[in-house]
Amino acid sequence: MKCRRCKAPAQVKLPSHNTGFCPECFFLFFSRQVQKAVKDHAMFTPADRILVALSGGKDSLGLANELKEQGYDVTGLHVYLGIPGSSDASLAHIEAFCEARSIPLIVASTPDMGLAIPDVKEALRGRPTCSACGSIKRHVFSRVAREQGFTALATGHNLDDETARLFANVLRWDKAYLADQGPCLADDGGQARKVKPLYRLTEFETACYAFLKGIPHVSAPCPYSRGASFTGHKALLENLEQSRPGAKTQFYENFLRDGREAFAASARATAGLTPCLECGAPTPREVCGVCQLKKMVVAHKAETAHAEESRQ
């Protein structure tokens with residue numbers, strides 16, 4: 001196969017676009033997909049201060065690299081989770097990445113908040129950890145963006161991530177989650193805009209970008225993610241994509257065009273956020289979910305310590 005643009009030998013084949021590219025033309029394709037996402041959804045402008053959430057994986061590092069190359073004012077934010085054998089490796093990758101590209105980096109530690117993920121996992125007593133971990137990270141993202149004056153918070157969610165989430169929400173007909181699913185969530189109640197500039201690109205495409213750009217990244221899955229339904233949903237959708245190239249894009253874009261506004265309108269009619277009594281974060285309850293988790297961890301540690309004392 002030859003490159004669609006310059007006719008050199010293609011190194012990246014994209015069945016969903018019925019085309020292929022050489023490395024340099026693929027970078028142009030990648031950049032244009034990001035530019036279209038930003039423009040179509042008014043995600044940000046060169047005047048915005050953009051906080052990019054960095055996990056250490058290919059998507060978040062690739063996003064930060066691309067936005068930096070496009071000339072945006074980018075700062076990285078890493079949420080250190082305190083997971084043995086995982087968190088230190090992620091932080092090392094991120095620090096090296098940011099230093100090499102002169103990207104400022106903010107590191108927020110959940111253990112310093114009393115919410116080390118191993119402690120959260122224990123306190124949950126066998127319930128899924130991923131959901132709680134995600135809530136904690138989103139809480140930190142919003143807090144740092146709000147406190148440090150960033151106008152946009154960008155995450156590296158790609159098309160595979162977004163379609164898997166949409167599929168899960170449709171299976172449950174979860175109206176609240178369907179209402180706020182999309183590539184751009186507007187500033188609400190003093191929160192930075194939440195944007196996903198990679199939503200038009202697949203996981204394969206972001207992997208190719210990271211590989212061809214020579215971006216080292218963490219590839220090992222989180223040790224606590226085993227059995228997550230999210231992974232299974234991705235596999236189902238990828239099987240569909242193999243038989244019907246472009247199906248994931250069609251599924252997601254049609255939802256944005258025909259379905260999202262109906263759920264969003266319903267959510268607006270019932271919306272009501274007030275500051276959390278503990279931390280001040282916007283929440284529909286008196287105490288936000290993260291502060292409730294913190295109380296759960298404290299109670300579990302006290303219970304464990306008491307049990308140890310009783311055995312001695």
# chains A, B, ... in the order shown; residues from 1 in each chain; ligands from 1
$ residues_around --residues "Lys2 of chain A" --least-positions-apart "2" --cutoff "8 Å" --atoms "only C-alpha atoms" --output "VMD selection string"
chain A and resid 4 7 to 10 20 to 22
$ write_last_selection --atoms "C-alpha atoms" --output "short mmCIF file (atom, residue, chain, number, x, y, z; two decimals), in the first residue's frame"
data_model
loop_
_atom_site.label_atom_id
_atom_site.label_comp_id
_atom_site.auth_asym_id
_atom_site.auth_seq_id
_atom_site.Cartn_x
_atom_site.Cartn_y
_atom_site.Cartn_z
CA ARG A 4 -2.52 8.31 0.39
CA LYS A 7 2.57 7.97 -2.52
CA ALA A 8 5.61 6.77 -0.54
CA PRO A 9 5.34 3.27 1.01
CA ALA A 10 2.67 3.37 3.73
CA GLY A 20 -2.66 4.35 4.79
CA PHE A 21 0.14 6.82 5.47
CA CYS A 22 3.89 7.11 5.71
#
$ residues_around --residues "Gly232 of chain A" --least-positions-apart "5" --cutoff "12 Å" --atoms "only C-alpha atoms" --output "PyMOL selection string"
chain A and resi 160-161+164-165+167-168+225-227+237-239
$ write_last_selection --atoms "N, CA and C atoms" --output "PDB file, in the first residue's frame"
ATOM      1  N   ASP A 160     -11.789   4.601  21.191  1.00  0.00           N
ATOM      2  CA  ASP A 160     -12.102   3.316  21.816  1.00  0.00           C
ATOM      3  C   ASP A 160     -12.610   3.505  23.245  1.00  0.00           C
ATOM      4  N   ASP A 161     -11.979   4.408  23.989  1.00  0.00           N
ATOM      5  CA  ASP A 161     -12.429   4.706  25.348  1.00  0.00           C
ATOM      6  C   ASP A 161     -13.855   5.243  25.345  1.00  0.00           C
ATOM      7  N   ALA A 164     -16.517   2.616  24.266  1.00  0.00           N
ATOM      8  CA  ALA A 164     -16.721   1.605  25.317  1.00  0.00           C
ATOM      9  C   ALA A 164     -17.561   2.180  26.445  1.00  0.00           C
ATOM     10  N   ARG A 165     -17.284   3.418  26.813  1.00  0.00           N
ATOM     11  CA  ARG A 165     -18.067   4.063  27.866  1.00  0.00           C
ATOM     12  C   ARG A 165     -19.512   4.263  27.409  1.00  0.00           C
ATOM     13  N   PHE A 167     -21.147   2.526  25.175  1.00  0.00           N
ATOM     14  CA  PHE A 167     -21.772   1.202  25.120  1.00  0.00           C
ATOM     15  C   PHE A 167     -22.227   0.765  26.508  1.00  0.00           C
ATOM     16  N   ALA A 168     -21.363   0.946  27.514  1.00  0.00           N
ATOM     17  CA  ALA A 168     -21.708   0.558  28.886  1.00  0.00           C
ATOM     18  C   ALA A 168     -22.886   1.367  29.400  1.00  0.00           C
ATOM     19  N   SER A 225      -6.923  -3.512  37.770  1.00  0.00           N
ATOM     20  CA  SER A 225      -7.955  -3.399  36.729  1.00  0.00           C
ATOM     21  C   SER A 225      -8.428  -4.746  36.196  1.00  0.00           C
ATOM     22  N   ARG A 226      -7.886  -5.844  36.708  1.00  0.00           N
ATOM     23  CA  ARG A 226      -8.252  -7.165  36.204  1.00  0.00           C
ATOM     24  C   ARG A 226      -9.764  -7.403  36.370  1.00  0.00           C
ATOM     25  N   GLY A 227     -10.373  -7.853  35.282  1.00  0.00           N
ATOM     26  CA  GLY A 227     -11.800  -8.161  35.325  1.00  0.00           C
ATOM     27  C   GLY A 227     -12.701  -6.965  35.086  1.00  0.00           C
ATOM     28  N   LEU A 237     -16.446  -4.206  20.823  1.00  0.00           N
ATOM     29  CA  LEU A 237     -16.537  -3.158  19.807  1.00  0.00           C
ATOM     30  C   LEU A 237     -15.437  -3.302  18.765  1.00  0.00           C
ATOM     31  N   GLU A 238     -14.260  -3.770  19.193  1.00  0.00           N
ATOM     32  CA  GLU A 238     -13.178  -3.982  18.229  1.00  0.00           C
ATOM     33  C   GLU A 238     -13.530  -5.107  17.269  1.00  0.00           C
ATOM     34  N   ASN A 239     -14.199  -6.150  17.767  1.00  0.00           N
ATOM     35  CA  ASN A 239     -14.662  -7.224  16.881  1.00  0.00           C
ATOM     36  C   ASN A 239     -15.645  -6.679  15.843  1.00  0.00           C
TER      37      ASN A 239
END
$ residues_around --residues "segment 48-59 of chain A" --least-positions-apart "4" --cutoff "8 Å" --atoms "only C-alpha atoms" --output "ChimeraX atom specification"
/A:44,63-64,72-79,90-91,93-94,141,145,149-158,203,206-207,210,215-219
$ select_by_dssp --residues "segment 67-222 of chain A" --states "strand (DSSP E)" --output "list of chain:residue names"
A:Asp73, A:Val74, A:Thr75, A:Gly76, A:Leu77, A:His78, A:Val79, A:Tyr80, A:Leu105, A:Ile106, A:Val107, A:Ala108, A:Ser109, A:Ala152, A:Leu153, A:Ala154, A:Cys184, A:Leu185, A:Arg193, A:Lys194, A:Val195
$ atom_distance --atom1 "atom CA of Pro221 of chain A" --atom2 "atom CA of Pro183 of chain A"
24.2 Å
$ closest_residue --among "A:Gln292, A:Gln11, A:Gln35, A:Thr304" --to "Arg200 of chain A" --atoms "only C-alpha atoms"
A:Gln35
$ residues_around --residues "Lys248 of chain A" --least-positions-apart "2" --cutoff "8 Å" --atoms "only C-alpha atoms" --output "list in words"
Leu159, Asp160, Thr163, Leu237, Glu241, Pro245, Gly246, Gln250, Phe251 and Tyr252 of chain A
$ atom_distance --atom1 "atom CA of Leu115 of chain A" --atom2 "atom CA of Ile136 of chain A"
8.2 Å
$ closest_residue --among "A:Tyr199, A:Tyr177, A:Phe29, A:Tyr80" --to "Glu162 of chain A" --atoms "only C-alpha atoms"
A:Tyr199
$ closest_residue --among "A:Pro223, A:Val290, A:Ala176, A:Gln181" --to "Ser131 of chain A" --atoms "only C-alpha atoms"
A:Val290
$ closest_residue --among "A:Lys39, A:Gln148, A:Gly214, A:His233" --to "Leu171 of chain A" --atoms "only C-alpha atoms"
A:His233
$ closest_residue --among "A:Lys196, A:Arg311, A:His17, A:Arg172" --to "Asp40 of chain A" --atoms "only C-alpha atoms"
A:Lys196
$ select_by_dssp --residues "segment 84-213 of chain A" --states "alpha helix (DSSP H)" --output "number ranges by chain"
A: 87-101, 117-123, 129-147, 159-172, 175-179, 203-213
$ atom_distance --atom1 "atom CA of Phe97 of chain A" --atom2 "atom CA of Leu212 of chain A"
15.2 Å
